[in-house]
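First the structure, in the form of structure tokens, and then the observations on it.
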Protein chains: 2
Amino acid sequence: MMFRKLLTLEEAQEAINRLEVKALGSEEAPLLIAHNRVLAENVTSKLDIPPFDRSTVDGYAVKAADTFGAEEKQPAKLRVCGVVNIGELPKVNVSEGQAAEIVTGAPIPEGADAVVMVEDTEKTGAELRVFSSVTKGENVMKKGADIKKGETVLNAGQVLSSREIGVLAALGAASARVHAVPRVAVLSTGGEVTEPGSVLPAGKIYDINAYSLCAAVLESGGKPVYMGVAPDDPTEMREALQRALECADVVITSGGVSVGPKDITPQTVDSLGKPGLIFSGIAVKPGKPTTVALIGRKLVFALPGHPTSALLMFQLLVRPVIWRLAGRAATEVALVRAVAGRRMFSAKGRRTFVMVTLRKEKDGFVAETVESGASGAITTLAKADGYVEIPENQQFVDKDEEVKVTLFRPCG
Amino acid sequence: MMFRKLLTLEEAQEAINRLEVKALGSEEAPLLIAHNRVLAENVTSKLDIPPFDRSTVDGYAVKAADTFGAEEKQPAKLRVCGVVNIGELPKVNVSEGQAAEIVTGAPIPEGADAVVMVEDTEKTGAELRVFSSVTKGENVMKKGADIKKGETVLNAGQVLSSREIGVLAALGAASARVHAVPRVAVLSTGGEVTEPGSVLPAGKIYDINAYSLCAAVLESGGKPVYMGVAPDDPTEMREALQRALECADVVITSGGVSVGPKDITPQTVDSLGKPGLIFSGIAVKPGKPTTVALIGRKLVFALPGHPTSALLMFQLLVRPVIWRLAGRAATEVALVRAVAGRRMFSAKGRRTFVMVTLRKEKDGFVAETVESGASGAITTLAKADGYVEIPENQQFVDKDEEVKVTLFRPCG
């Protein structure tokens, strides 16, 4: 099942996109907890907004014709016939020569077709002097002027941020039909790996990836299912992976994908079911041994053990799948423009990702290479704000050249 | 308590920053749910990482001196004395002329000081031929080379993303000491406002702001406390605000801050306690009537009723307070560079915020003005991806001029 020639990154991404994965359902989410969910259907308005002709100022509802010619020295004289309260149907009708007191947002009473601003009037008892003329419709927002009944206001695939949630509320919706959140099981592998929180046995190190990848799943809008460190024994690892497949829509492992004698993950993943391995190995650096399998209609990603490489491959391959399962339409990543702090070299024939720290200078950002050779896994992880991508056919990016940095965290 | 001269935006922000607000406590958050929380203390490593000298390749642990001069045609001959398993202390010692089989990540056995890569060896029975020399320390990661015991790895104020959570796991932490999440009570006001989900009574409109602002609180790392629509009666509104102050660290209202007869929010807020109103009115457009009060040591923000203005003022004034209460060190906002789709005008003497829709073109983004005059509140809310800021002393931004768009959603 192993491929001799490594796939390019795009070939790997296309291979994944071609797979028929199990679609997730949708559900009704109450508006107050719908934040960050993805709309599963277009939203059309069931009402006109505003639902009635509405005053946009404080003043007096009048017949515009009654104010024609009114000016400072020659005010129109009208008779106040009542008050329109906000939040209820007007109890008054405005006839010729009349005016009804009205506040911003209140419905225009029958008979009136404009509103005079309070600043342009003077009231003495029931007599109102109007010092400025208004035209028909002035200071009135017509019923449906904002949104028309039946109008499509939001689209399937939109992520619900504060604005979209405000729009849904405006339409009177108490909930939204949203895509189910993809559940992503996360396992670490490796006999040397121990869960944090316990005393570190001699010769072991603490697990990193299950924790960083669970957080990365959250950042991508998925629901992580933490499954800890998988046993090192192939049979037991297989059982752990089967449990993961049962309880999640996507499975991620990390570690055990290199060529060492203990690197049993690809074979174990392949043995889980048909069609099995899709590819094993990509022409990228880092992240080369990354392996992807389809078991039934669920994807299994076997990522490298190095924490920064695992996060990188997560962003390049897993996150788009979570977005797709979640029904997200927009799939932009967070990019920051910067200049290279020094020359960045690429690995021959492989798409190279150079980990960088962003440093703010007065003119913008400088992308400083994180030396993953000199510093270790944790230092790299702590320092790498994101990465610069160098194409296969490019030898290096020169110092001071402009680069685009893709951020690891969702935002700058 | 009202100020004649409006504060500038900076004066308003500084007035808020000067206030002594009640600090929130900290708590211990298990790592798996610590995502997006803010570190309350510096994190120093309690162990060396790696905790032992570690092989960085699969191969044989040797004494480097035993390989000196070894080459393809003249291999060094060593005797394999055992195997070092990963995840446990080595059971072998390497003496002169000996080699121990080792995998990536396994501890270097006593006596060895370098590792020969398996590709450079040939094993026949217990005899190992080494075709390449190694220097002392080659392919060995020294104990503490990544992180030294006692080293400060993360700092108070850092937001925990996937990377920081990975770092904490690496240190063996099962939890992190994080700042408490600021609770922010959100109330709408206005007699015409009805909660979504119910049938719309005649003359009323659905509440928007309580929902969009609750989502905005979430986006800022706070915990929203939804309090619905406050009663229109001053006494009842006062009681609702008092309940809000009791259950939250910050209170936000929207609506009722203009000059209409029903705009009772500023006075009601001021009556809640000392010191009361800090300012009422800012020289900005939109958002001018925004009012801020300090009651005891808790801030109350009375935002405008227009949904987009409310979100704008939230971003400019409330979000920095949530960040400060949450202990966040970094406070960048999400900016996108674009060119103005047409000339944008400012309001005389006031900091102007022009709502824009971002449109992607091949060269970058174009910021299209959202006509808040022509379209209504919901259309503006649905379309405004963010805003362009025009200084008080600038008349306009010209078409095709470069602008910075501050996004309403946390990320592009």
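FYI, nothing fancy with the structure tokens labels: chains A, B, ... in order, residues from 1 per chain, ligands from 1 as they appear.
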Taking the DSSP assignment computed from this structure's backbone, write out as an NGL selection string all residues of range 6-60 of chain A that belong to strand (DSSP E). :A and (26-30 or 43-44 or 54-55 or 59-60)
Run DSSP on the backbone and give me the residues of range 189-218 of chain B it puts in helix (DSSP H, G or I), as a list of chain:residue names.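 Output for range 189-218 of chain B, helix (DSSP H, G or I) only: B:Asn209, B:Ala210, B:Tyr211, B:Ser212, B:Leu213, B:Cys214, B:Ala215, B:Ala216, B:Val217, B:Leu218.
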Could you turn the residues from that selection into a file that holds C-alpha atoms, as a JSON list (two decimals), in the first residue's frame?
[["chain", "number", "residue", "atom", "x", "y", "z"],
["B", 209, "ASN", "CA", -28.54, 43.88, 20.49],
["B", 210, "ALA", "CA", -28.80, 41.55, 23.47],
["B", 211, "TYR", "CA", -28.01, 38.68, 21.07],
["B", 212, "SER", "CA", -25.30, 40.30, 18.96],
["B", 213, "LEU", "CA", -23.62, 41.75, 22.06],
["B", 214, "CYS", "CA", -23.71, 38.41, 23.91],
["B", 215, "ALA", "CA", -21.93, 36.89, 20.91],
["B", 216, "ALA", "CA", -19.47, 39.81, 20.86],
["B", 217, "VAL", "CA", -18.72, 39.15, 24.55],
["B", 218, "LEU", "CA", -17.92, 35.51, 23.69]]
I'd like the neighbourhood of Arg409 in chain B as a PyMOL selection string, where a residue qualifies if any of its atoms comes within 9 Å (using only C-alpha atoms), though same-chain residues fewer than 5 positions away should be ignored. (chain A and resi 161-163) or (chain B and resi 216+219+334+385-386)
May I have the residues within 12 Å of Phe301 in chain A as a PyMOL selection string, using only C-alpha atoms and disregarding those fewer than 6 positions away in the same chain? chain A and resi 12+16+184-188+213+241+244-245+249-255+257+265-266+269-270+276-281+289-295+310+313-319+321-322
Okay, now the selection with C-alpha atoms, as a PDB file, in the first residue's frame?
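again.pdb, written as the output of this step:
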ATOM      1  CA  ALA A  12      -2.498  14.944  -1.249  1.00  0.00           C
ATOM      2  CA  ILE A  16      -8.556  13.797   0.316  1.00  0.00           C
ATOM      3  CA  VAL A 184     -12.510  14.581  16.054  1.00  0.00           C
ATOM      4  CA  ALA A 185     -10.826  11.863  18.109  1.00  0.00           C
ATOM      5  CA  VAL A 186      -7.220  12.617  19.004  1.00  0.00           C
ATOM      6  CA  LEU A 187      -4.713   9.911  20.023  1.00  0.00           C
ATOM      7  CA  SER A 188      -1.025  10.090  20.649  1.00  0.00           C
ATOM      8  CA  LEU A 213      -4.257  18.941  18.574  1.00  0.00           C
ATOM      9  CA  LEU A 241      -8.272   3.264  16.917  1.00  0.00           C
ATOM     10  CA  ALA A 244     -11.911   6.276  18.153  1.00  0.00           C
ATOM     11  CA  LEU A 245     -13.630   5.517  14.835  1.00  0.00           C
ATOM     12  CA  ASP A 249     -16.240  11.516  12.619  1.00  0.00           C
ATOM     13  CA  VAL A 250     -12.507  11.975  12.063  1.00  0.00           C
ATOM     14  CA  VAL A 251      -9.538  10.371  13.811  1.00  0.00           C
ATOM     15  CA  ILE A 252      -6.104  11.934  14.268  1.00  0.00           C
ATOM     16  CA  THR A 253      -3.056  10.134  15.571  1.00  0.00           C
ATOM     17  CA  SER A 254       0.410  11.549  15.961  1.00  0.00           C
ATOM     18  CA  GLY A 255       3.757   9.844  16.074  1.00  0.00           C
ATOM     19  CA  VAL A 257       4.804   7.278  11.187  1.00  0.00           C
ATOM     20  CA  THR A 265       0.928   3.412  12.906  1.00  0.00           C
ATOM     21  CA  PRO A 266       0.530   3.281   9.074  1.00  0.00           C
ATOM     22  CA  VAL A 269      -4.327   2.241  10.471  1.00  0.00           C
ATOM     23  CA  ASP A 270      -4.468   0.375   7.174  1.00  0.00           C
ATOM     24  CA  GLY A 276      -7.543   1.675   3.994  1.00  0.00           C
ATOM     25  CA  LEU A 277      -4.465   3.765   3.242  1.00  0.00           C
ATOM     26  CA  ILE A 278      -4.973   6.554   0.731  1.00  0.00           C
ATOM     27  CA  PHE A 279      -1.395   7.724   0.840  1.00  0.00           C
ATOM     28  CA  SER A 280       1.631   7.557   3.066  1.00  0.00           C
ATOM     29  CA  GLY A 281       4.166  10.311   2.630  1.00  0.00           C
ATOM     30  CA  PRO A 289       5.696  10.773   6.715  1.00  0.00           C
ATOM     31  CA  THR A 290       2.081  12.009   7.082  1.00  0.00           C
ATOM     32  CA  THR A 291      -0.330   9.176   6.322  1.00  0.00           C
ATOM     33  CA  VAL A 292      -4.036   9.323   5.476  1.00  0.00           C
ATOM     34  CA  ALA A 293      -6.531   6.466   5.404  1.00  0.00           C
ATOM     35  CA  LEU A 294     -10.233   6.122   4.742  1.00  0.00           C
ATOM     36  CA  ILE A 295     -11.961   3.527   6.895  1.00  0.00           C
ATOM     37  CA  ALA A 310       1.873  17.792  13.658  1.00  0.00           C
ATOM     38  CA  MET A 313       0.009  19.074   8.896  1.00  0.00           C
ATOM     39  CA  PHE A 314      -3.167  19.534  10.905  1.00  0.00           C
ATOM     40  CA  GLN A 315      -3.616  22.998   9.383  1.00  0.00           C
ATOM     41  CA  LEU A 316      -2.796  21.869   5.865  1.00  0.00           C
ATOM     42  CA  LEU A 317      -4.832  18.664   5.754  1.00  0.00           C
ATOM     43  CA  VAL A 318      -7.152  18.163   8.715  1.00  0.00           C
ATOM     44  CA  ARG A 319      -8.611  21.617   9.236  1.00  0.00           C
ATOM     45  CA  VAL A 321     -11.749  18.486   6.315  1.00  0.00           C
ATOM     46  CA  ILE A 322     -13.264  19.730   9.586  1.00  0.00           C
TER      47      ILE A 322
END
Please provide the set of residues having any atom within 10 Å of Arg37 in chain B, restricted to only C-alpha atoms, with same-chain residues fewer than 4 positions apart removed, written as a list of chain:residue names. B:Ala29, B:Ile33, B:Gly157, B:Gln158, B:Val159, B:Leu160, B:Ser161, B:Ala176, B:Arg177, B:Val178, B:His179, B:Ala180, B:Val181, B:Gly221, B:Gly222, B:Ala326, B:Gly327, B:Arg328
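Residue nearest chain A, chosen from B:Glu239, B:Asp58, B:Glu96, B:Asp263 and counting only C-alpha atoms: B:Asp58.
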From CA of Asn17 in chain B to CA of Arg324 in chain B the spacing works out at 9.2 Å
Would you mind listing what lies within 8 Å of Val130 in chain A as a CSV table (one decimal) with N, CA and C atoms, in the first residue's frame, with only C-alpha atoms counted and same-chain residues fewer than 2 positions away left out?
chain,number,residue,atom,x,y,z
A,67,THR,N,-47.3,71.3,5.6
A,67,THR,CA,-46.1,72.0,6.0
A,67,THR,C,-45.5,72.8,4.8
A,70,ALA,N,-43.7,76.3,4.8
A,70,ALA,CA,-43.4,76.7,6.2
A,70,ALA,C,-41.9,77.1,6.3
A,71,GLU,N,-41.7,78.2,7.0
A,71,GLU,CA,-40.3,78.6,7.3
A,71,GLU,C,-40.2,79.4,8.6
A,75,PRO,N,-44.3,80.2,10.0
A,75,PRO,CA,-44.5,78.8,10.4
A,75,PRO,C,-45.9,78.3,10.0
A,76,ALA,N,-46.0,77.0,9.7
A,76,ALA,CA,-47.3,76.4,9.5
A,76,ALA,C,-47.9,76.2,10.9
A,77,LYS,N,-49.2,76.4,11.0
A,77,LYS,CA,-49.8,76.2,12.3
A,77,LYS,C,-50.7,74.9,12.3
A,78,LEU,N,-50.4,74.0,13.1
A,78,LEU,CA,-51.1,72.7,13.2
A,78,LEU,C,-51.7,72.5,14.6
A,116,VAL,N,-42.1,65.8,11.2
A,116,VAL,CA,-41.3,67.1,11.4
A,116,VAL,C,-40.5,66.9,12.7
A,120,ASP,N,-37.6,71.6,14.9
A,120,ASP,CA,-38.2,72.6,13.9
A,120,ASP,C,-39.6,73.0,14.3
A,121,THR,N,-40.0,72.8,15.6
A,121,THR,CA,-41.4,73.1,16.0
A,121,THR,C,-41.4,73.9,17.3
A,122,GLU,N,-42.5,74.4,17.6
A,122,GLU,CA,-42.8,75.0,18.9
A,122,GLU,C,-44.2,74.8,19.3
A,128,LEU,N,-49.3,73.8,17.4
A,128,LEU,CA,-48.0,73.5,17.0
A,128,LEU,C,-47.6,74.4,15.9
A,132,SER,N,-40.4,74.6,9.4
A,132,SER,CA,-39.6,74.0,8.3
A,132,SER,C,-40.5,73.0,7.6
A,133,SER,N,-40.5,73.0,6.3
A,133,SER,CA,-41.4,72.1,5.6
A,133,SER,C,-40.8,70.7,5.4
Which residue gives the smallest distance to chain A among B:Leu168, B:Val140, B:Ala99, B:Ala64, with only C-alpha atoms counted?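 Nearest to chain A: B:Leu168.
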Please identify all polymer residues within 8 Å of range 343-351 of chain A, counting only C-alpha atoms, omitting same-chain residues fewer than 5 positions from it, and present them as a ChimeraX atom specification. /A:8-9,283-285,369,389-399
Using only C-alpha atoms, find the one residue out of B:Tyr206, B:Phe68, B:Trp323, B:Phe131 that sits nearest to chain A. B:Tyr206
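The two atoms in question, CA of Val300 in chain B and CA of Ile208 in chain B, are spaced 19.3 Å apart.
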Pick the closest to chain B from A:Ala382, A:Ile108, A:Cys81, A:Val115: which is it, counting only C-alpha atoms?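 Once distances to chain B are computed over only C-alpha atoms, the minimum belongs to A:Ala382.
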At a cut-off of 12 Å, can you tabulate as a Markdown table every residue of range 87-206 of chain A near range 42-57 of chain B together with its closest atom pair and the distance in Å to one decimal, using only C-alpha atoms and ordering rows by chain then number?
| residue | atom | partner | partner_atom | distance |
| --- | --- | --- | --- | --- |
| A:Glu192 | CA | B:Arg54 | CA | 11.2 |
| A:Val193 | CA | B:Pro50 | CA | 12.0 |
| A:Val199 | CA | B:Leu47 | CA | 11.0 |
| A:Leu200 | CA | B:Pro51 | CA | 9.1 |
| A:Pro201 | CA | B:Pro51 | CA | 10.1 |
| A:Ala202 | CA | B:Pro51 | CA | 8.4 |
| A:Gly203 | CA | B:Phe52 | CA | 7.0 |
| A:Lys204 | CA | B:Pro51 | CA | 7.9 |
| A:Ile205 | CA | B:Pro51 | CA | 7.2 |
| A:Tyr206 | CA | B:Ile49 | CA | 9.5 |
Atomic distance CA of Gly82 in chain B - CA of Pro234 in chain A, expressed in Å with one decimal: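 Going from CA of Gly82 in chain B over to CA of Pro234 in chain A covers 23.3 Å.
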